[in-house]
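Novice: Next up, upload.txt (compact mmCIF, C-alpha atoms and all ligand atoms).
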# COMPACT_ATOMS: atom_id res chain seq x y z
CA MET B 1 -45.12 -76.26 -141.12
CA SER B 2 -47.68 -77.50 -143.61
CA ARG B 3 -49.15 -75.31 -146.35
CA GLU B 4 -52.55 -75.40 -144.61
CA GLN B 5 -51.02 -74.31 -141.29
CA LEU B 6 -49.22 -71.47 -143.01
CA ARG B 7 -52.46 -70.40 -144.70
CA GLN B 8 -54.22 -70.41 -141.31
CA TYR B 9 -51.44 -68.31 -139.75
CA LEU B 10 -51.65 -65.75 -142.51
CA THR B 11 -55.47 -65.54 -142.29
CA PHE B 12 -55.18 -65.17 -138.52
CA TYR B 13 -52.71 -62.28 -138.80
CA GLN B 14 -54.72 -60.64 -141.54
CA ASP B 15 -57.73 -60.73 -139.21
CA LEU B 16 -55.64 -59.01 -136.57
CA GLY B 17 -54.75 -56.29 -139.04
CA VAL B 18 -51.07 -57.33 -139.34
CA LYS B 19 -49.74 -56.44 -142.75
CA ASN B 20 -46.10 -57.57 -142.62
CA ILE B 21 -44.70 -60.71 -141.08
CA TYR B 22 -40.94 -61.14 -140.88
CA LYS B 23 -39.45 -64.49 -140.14
CA ARG B 24 -37.16 -64.34 -137.15
CA SER B 25 -33.61 -65.36 -137.90
CA ALA B 26 -31.67 -67.38 -135.29
CA THR B 27 -29.60 -64.26 -134.51
CA SER B 28 -32.58 -61.95 -133.98
CA ALA B 29 -34.30 -64.56 -131.79
CA ALA B 30 -31.15 -64.80 -129.69
CA ALA B 31 -30.90 -61.02 -129.53
CA ALA B 32 -34.49 -60.81 -128.32
CA ALA B 33 -33.65 -63.19 -125.50
CA ALA B 34 -30.68 -61.07 -124.38
CA PRO B 35 -31.21 -58.64 -121.48
CA ALA B 36 -30.86 -55.46 -123.55
CA PRO B 37 -31.80 -56.20 -127.14
CA ALA B 38 -30.44 -53.84 -129.74
CA PRO B 39 -33.20 -52.03 -131.62
CA SER B 40 -33.88 -53.86 -134.87
CA ALA B 41 -34.69 -52.14 -138.13
CA GLU B 42 -37.23 -54.84 -139.03
CA PRO B 43 -40.12 -55.58 -136.68
CA SER B 44 -40.13 -59.28 -135.98
CA ILE B 45 -42.83 -61.28 -134.28
CA VAL B 46 -43.05 -64.78 -132.95
CA LEU B 47 -45.85 -66.81 -134.46
CA PRO B 48 -48.22 -67.93 -131.71
CA PRO B 49 -49.76 -71.39 -131.85
CA ILE B 50 -52.97 -71.73 -133.83
CA ALA B 51 -56.02 -72.62 -131.75
CA PRO B 52 -55.75 -76.35 -130.99
CA ALA B 53 -58.68 -78.41 -132.25
CA ASP B 54 -59.72 -79.41 -128.72
CA ASP B 55 -59.27 -75.94 -127.23
CA THR B 56 -61.31 -74.87 -124.19
CA LEU B 57 -61.59 -71.62 -122.28
CA ALA B 58 -59.96 -73.33 -119.30
CA LYS B 59 -56.94 -74.25 -121.47
CA ILE B 60 -56.67 -70.70 -122.75
CA ILE B 61 -56.71 -69.37 -119.17
CA ALA B 62 -54.02 -71.89 -118.24
CA ASP B 63 -51.91 -70.80 -121.23
CA ILE B 64 -52.27 -67.14 -120.30
CA GLY B 65 -51.06 -68.02 -116.81
CA ASP B 66 -49.37 -65.17 -115.00
CA CYS B 67 -48.79 -63.50 -118.35
CA ARG B 68 -45.62 -61.43 -118.84
CA ARG B 69 -45.73 -61.34 -122.64
CA CYS B 70 -46.13 -57.56 -122.90
CA ARG B 71 -45.63 -54.38 -120.88
CA LEU B 72 -49.28 -54.30 -119.73
CA CYS B 73 -48.40 -56.88 -117.07
CA GLU B 74 -46.29 -54.32 -115.21
CA GLN B 75 -49.14 -52.30 -113.72
CA ARG B 76 -52.03 -54.70 -113.84
CA ASN B 77 -53.71 -55.99 -110.77
CA LYS B 78 -55.81 -58.80 -112.26
CA ILE B 79 -55.98 -60.37 -115.69
CA VAL B 80 -59.49 -59.90 -117.07
CA PHE B 81 -60.22 -62.91 -119.24
CA GLY B 82 -63.96 -62.69 -119.86
CA SER B 83 -67.27 -63.53 -118.24
CA GLY B 84 -70.73 -64.82 -119.01
CA ASN B 85 -72.20 -67.83 -120.70
CA GLU B 86 -69.39 -69.85 -122.28
CA GLN B 87 -71.85 -71.44 -124.69
CA SER B 88 -73.39 -68.13 -125.65
CA ARG B 89 -74.55 -67.52 -129.18
CA LEU B 90 -73.45 -63.90 -128.78
CA VAL B 91 -70.07 -62.46 -127.74
CA PHE B 92 -69.33 -58.80 -127.05
CA VAL B 93 -65.73 -57.68 -127.44
CA GLY B 94 -64.53 -54.47 -125.77
CA GLU B 95 -61.14 -52.77 -125.75
CA GLY B 96 -59.45 -53.54 -122.45
CA PRO B 97 -60.08 -53.47 -118.71
CA GLY B 98 -60.44 -50.18 -116.85
CA ALA B 99 -59.71 -49.55 -113.17
CA ASP B 100 -62.79 -51.37 -111.82
CA GLU B 101 -62.26 -54.36 -114.09
CA ASP B 102 -58.57 -54.53 -113.13
CA GLU B 103 -59.56 -54.57 -109.47
CA GLN B 104 -62.29 -57.22 -109.81
CA GLY B 105 -60.87 -59.34 -112.64
CA LEU B 106 -64.16 -59.08 -114.55
CA PRO B 107 -64.97 -57.24 -117.78
CA PHE B 108 -67.34 -54.30 -117.98
CA VAL B 109 -68.16 -53.83 -114.32
CA GLY B 110 -67.50 -50.07 -114.11
CA ARG B 111 -69.65 -47.21 -115.45
CA ALA B 112 -69.31 -48.31 -119.07
CA GLY B 113 -70.17 -51.83 -117.97
CA GLN B 114 -73.30 -50.68 -116.20
CA LEU B 115 -74.40 -48.95 -119.37
CA LEU B 116 -73.64 -52.08 -121.40
CA THR B 117 -75.75 -54.15 -118.98
CA GLN B 118 -78.62 -51.67 -119.29
CA MET B 119 -78.32 -51.75 -123.05
CA ILE B 120 -78.39 -55.53 -123.28
CA ASP B 121 -81.09 -56.10 -120.65
CA GLY B 122 -83.16 -53.08 -121.72
CA THR B 123 -83.10 -53.75 -125.46
CA ALA B 124 -83.81 -57.46 -125.00
CA ALA B 125 -86.77 -56.75 -122.70
CA LYS B 126 -88.19 -54.11 -125.04
CA GLU B 127 -87.85 -56.43 -128.03
CA GLY B 128 -89.39 -59.39 -126.22
CA ILE B 129 -86.16 -61.40 -126.32
CA PRO B 130 -85.77 -63.42 -123.11
CA ILE B 131 -82.08 -62.86 -122.40
CA LYS B 132 -80.03 -60.89 -119.89
CA ARG B 133 -76.38 -59.89 -119.75
CA ALA B 134 -75.48 -63.14 -117.95
CA ASP B 135 -76.67 -65.09 -121.02
CA VAL B 136 -74.06 -63.58 -123.34
CA TYR B 137 -70.26 -63.72 -123.18
CA ILE B 138 -68.17 -60.58 -122.74
CA CYS B 139 -64.43 -60.13 -123.17
CA ASN B 140 -61.84 -57.64 -124.36
CA VAL B 141 -59.09 -57.36 -126.95
CA VAL B 142 -56.41 -56.97 -124.26
CA LYS B 143 -56.73 -58.75 -120.95
CA CYS B 144 -54.68 -56.34 -118.82
CA ARG B 145 -55.49 -52.72 -118.07
CA PRO B 146 -53.54 -50.22 -120.16
CA PRO B 147 -52.07 -47.54 -117.86
CA GLU B 148 -54.33 -44.46 -117.54
CA ASN B 149 -56.81 -46.32 -119.75
CA ARG B 150 -54.81 -45.46 -122.84
CA THR B 151 -55.62 -47.23 -126.11
CA PRO B 152 -53.80 -50.57 -126.39
CA GLN B 153 -50.77 -50.43 -128.67
CA PRO B 154 -50.54 -52.58 -131.82
CA ASP B 155 -48.00 -55.01 -130.35
CA GLU B 156 -50.13 -55.44 -127.21
CA MET B 157 -53.18 -56.14 -129.37
CA GLU B 158 -51.21 -58.56 -131.46
CA ILE B 159 -49.88 -60.52 -128.48
CA CYS B 160 -53.20 -60.67 -126.63
CA GLY B 161 -55.04 -61.17 -129.92
CA GLU B 162 -53.91 -64.78 -129.88
CA PHE B 163 -56.05 -65.38 -126.81
CA LEU B 164 -59.03 -63.43 -128.11
CA PHE B 165 -58.82 -65.44 -131.31
CA ARG B 166 -58.83 -68.70 -129.36
CA GLN B 167 -61.69 -67.52 -127.13
CA LEU B 168 -63.84 -66.71 -130.14
CA MET B 169 -62.88 -69.90 -131.97
CA THR B 170 -63.77 -71.95 -128.88
CA ILE B 171 -67.13 -70.29 -128.23
CA ARG B 172 -67.96 -70.05 -131.96
CA PRO B 173 -70.94 -67.75 -131.39
CA LYS B 174 -73.63 -67.05 -133.94
CA ALA B 175 -72.60 -63.38 -133.90
CA ILE B 176 -69.97 -61.07 -132.44
CA CYS B 177 -70.54 -57.47 -131.42
CA ALA B 178 -67.38 -55.35 -131.49
CA LEU B 179 -67.62 -52.41 -129.09
CA GLY B 180 -65.62 -49.44 -130.36
CA SER B 181 -62.74 -48.97 -132.71
CA THR B 182 -60.09 -51.05 -130.92
CA ALA B 183 -62.27 -54.16 -131.10
CA ALA B 184 -63.22 -53.36 -134.69
CA LYS B 185 -59.54 -52.96 -135.66
CA ALA B 186 -58.54 -56.15 -133.90
CA LEU B 187 -61.24 -58.23 -135.57
CA LEU B 188 -61.54 -56.65 -139.00
CA ALA B 189 -58.52 -55.80 -141.08
CA THR B 190 -59.60 -52.19 -141.47
CA LYS B 191 -58.59 -48.67 -140.56
CA ASP B 192 -62.17 -47.39 -140.90
CA GLY B 193 -63.71 -45.79 -137.85
CA VAL B 194 -66.82 -46.91 -135.97
CA THR B 195 -69.07 -44.33 -137.61
CA ARG B 196 -68.35 -45.91 -140.95
CA LEU B 197 -68.43 -49.53 -139.83
CA ARG B 198 -71.39 -49.55 -137.47
CA GLY B 199 -74.87 -50.75 -138.29
CA LYS B 200 -73.74 -53.17 -141.00
CA TRP B 201 -72.79 -56.82 -140.87
CA HIS B 202 -69.16 -57.76 -141.33
CA LYS B 203 -67.48 -61.14 -140.87
CA TRP B 204 -64.78 -62.52 -138.61
CA GLN B 205 -63.76 -66.04 -139.58
CA GLU B 206 -67.16 -66.53 -141.23
CA ILE B 207 -68.98 -65.37 -138.08
CA PRO B 208 -71.27 -62.34 -138.61
CA LEU B 209 -69.88 -59.35 -136.75
CA MET B 210 -71.56 -56.05 -135.93
CA VAL B 211 -69.57 -52.99 -134.91
CA THR B 212 -71.13 -50.42 -132.62
CA TYR B 213 -70.03 -47.60 -130.35
CA HIS B 214 -68.13 -48.35 -127.18
CA PRO B 215 -70.28 -47.69 -124.08
CA SER B 216 -67.64 -45.26 -122.71
CA TYR B 217 -68.16 -43.12 -125.80
CA LEU B 218 -71.91 -43.19 -125.19
CA LEU B 219 -71.43 -41.93 -121.65
CA ARG B 220 -70.18 -38.60 -122.93
CA PRO B 221 -73.09 -36.14 -122.86
CA TYR B 222 -72.46 -34.78 -126.36
CA ASN B 223 -72.80 -38.21 -127.98
CA GLN B 224 -76.52 -38.69 -127.51
CA ASP B 225 -77.23 -39.38 -131.20
CA ALA B 226 -74.72 -42.20 -131.07
CA LYS B 227 -76.66 -43.69 -128.16
CA ARG B 228 -79.75 -44.04 -130.32
CA GLU B 229 -77.66 -45.61 -133.10
CA ALA B 230 -76.08 -48.06 -130.67
CA TRP B 231 -79.53 -49.20 -129.53
CA GLU B 232 -80.46 -49.74 -133.16
CA ASP B 233 -77.31 -51.80 -133.73
CA LEU B 234 -77.98 -53.88 -130.66
CA LYS B 235 -81.57 -54.51 -131.71
CA LYS B 236 -80.29 -55.88 -135.03
CA VAL B 237 -77.80 -58.14 -133.28
CA LEU B 238 -80.30 -59.50 -130.75
CA HIS B 239 -82.93 -60.25 -133.38
CA PHE B 240 -80.37 -61.90 -135.63
CA VAL B 241 -79.08 -64.13 -132.85
CA TYR B 242 -82.24 -64.95 -130.90
CA ASP B 243 -85.18 -64.80 -133.33
N1 LIG B 301 -64.00 -50.86 -121.30
C1 LIG B 301 -63.66 -51.96 -122.01
O1 LIG B 301 -63.37 -51.89 -123.19
N2 LIG B 301 -63.67 -53.11 -121.40
C2 LIG B 301 -63.99 -53.26 -120.13
O2 LIG B 301 -63.96 -54.37 -119.64
C3 LIG B 301 -64.35 -52.10 -119.41
C4 LIG B 301 -64.36 -50.92 -120.01
What's the structure tokens form of this structure?
Ligand code: URA
Specialist:
Amino acid sequence: MSREQLRQYLTFYQDLGVKNIYKRSATSAAAAAAPAPAPSAEPSIVLPPIAPADDTLAKIIADIGDCRRCRLCEQRNKIVFGSGNEQSRLVFVGEGPGADEDEQGLPFVGRAGQLLTQMIDGTAAKEGIPIKRADVYICNVVKCRPPENRTPQPDEMEICGEFLFRQLMTIRPKAICALGSTAAKALLATKDGVTRLRGKWHKWQEIPLMVTYHPSYLLRPYNQDAKREAWEDLKKVLHFVYD
């Protein structure tokens, strides 16, 4: 591996929030392939390929295939890759599919999705920006539904993060909007919560990134102040991208 490739790997993992990378020894790799691997004291991960220069969304889908790389495959119905305009200047990243998304194979089609659609369409219309939800691209950190809609675990985020990384590198939008803390953690090497991160510009691989509340959080009746803040965040994003 060249120095430059190594540097890219390390930046990639830093962006995913990974702090320690252990090189797999031949023995531990063999143990991992055995039917009942012995628990290892050191976490070890396999380095995924860096986004190829001529990557496309179709290639990423083909590489995901009938994915069995993590436990989320066990209960999923459909893999939810992403939807929308593949040349969009704006990408929204959520956490992971819920029940409706798992059934349809499309992101943000349930209640939270309806709110997200209203937020995008409503804010754009109010601000005189001629776009609709179909004009942006929407995807998630993990592509398979976590059981009972639990938060994705770090190893699941790390494994699926390879595909999110490639998706974002391929689309190369003008801005990214991270919805909620899972997306923020996956894209920014931070432990800070959404309240702290929201409303300000951050960067992912030199692309401006805004963090805002996840629509599911906004559906809770006691979070009405957050709703107003999320509209403010979205206004900023839309003006930045489309003005
Ligand atoms: N919540 C998410 O984070 N993503 C979806 O696709 C749906 C709900």
Novice: If we count all atoms listed in the file and set the cut-off at 12 Å, which residues sit around B:Ala58, ignoring sequence neighbours fewer than 2 positions away in its own chain? Please answer as a ChimeraX atom specification.
Specialist: /B:54-56,60-65,81-82,86,163,166-167,170-171
Novice: Which residues, protein or nucleic acid, reach to within 12 Å of (-81.5, -60.1, -140.4) in the file's coordinates when using only C-alpha atoms, and can you give that as a short mmCIF file (atom, residue, chain, number, x, y, z; two decimals) with C-alpha atoms, keeping the file's coordinate frame?
Specialist:
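Saved result, part22.cif, follows:
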data_model
loop_
_atom_site.label_atom_id
_atom_site.label_comp_id
_atom_site.auth_asym_id
_atom_site.auth_seq_id
_atom_site.Cartn_x
_atom_site.Cartn_y
_atom_site.Cartn_z
CA ALA B 175 -72.60 -63.38 -133.90
CA GLY B 199 -74.87 -50.75 -138.29
CA LYS B 200 -73.74 -53.17 -141.00
CA TRP B 201 -72.79 -56.82 -140.87
CA PRO B 208 -71.27 -62.34 -138.61
CA MET B 210 -71.56 -56.05 -135.93
CA ASP B 233 -77.31 -51.80 -133.73
CA LYS B 235 -81.57 -54.51 -131.71
CA LYS B 236 -80.29 -55.88 -135.03
CA VAL B 237 -77.80 -58.14 -133.28
CA LEU B 238 -80.30 -59.50 -130.75
CA HIS B 239 -82.93 -60.25 -133.38
CA PHE B 240 -80.37 -61.90 -135.63
CA VAL B 241 -79.08 -64.13 -132.85
CA TYR B 242 -82.24 -64.95 -130.90
CA ASP B 243 -85.18 -64.80 -133.33
#
Novice: Can you work out the spacing between atom CA of B:Gly84 and atom CA of B:Arg68 in Å, to one decimal?
Specialist: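 Between these atoms lies a distance of 25.3 Å.
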Novice: Would you mind telling me which residue in B:Ile138, B:Val211, B:Ile79, B:Ile129 lies nearest to B:Cys67 when using only C-alpha atoms?
Specialist: B:Ile79
Novice: Expressed in Å to a single decimal, how great is the separation between atom CA of B:Val141 and atom CA of B:Arg220?
Specialist: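 About the pair atom CA of B:Val141 and atom CA of B:Arg220: they are 22.2 Å apart.
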Novice: May I ask you to write as a PyMOL selection string all residues lying at most 10 Å from ligand LIG 301 (chain B), with all atoms listed in the file counted?
Specialist: chain B and resi 80-83+92-102+105-114+116+138-145+149+151+178-183+214-217
Novice: Could you work out how far atom CA of B:Ile120 lies from atom CA of B:Arg196, giving the answer in Å with one decimal?
Specialist: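 Those two atoms sit 22.5 Å apart.
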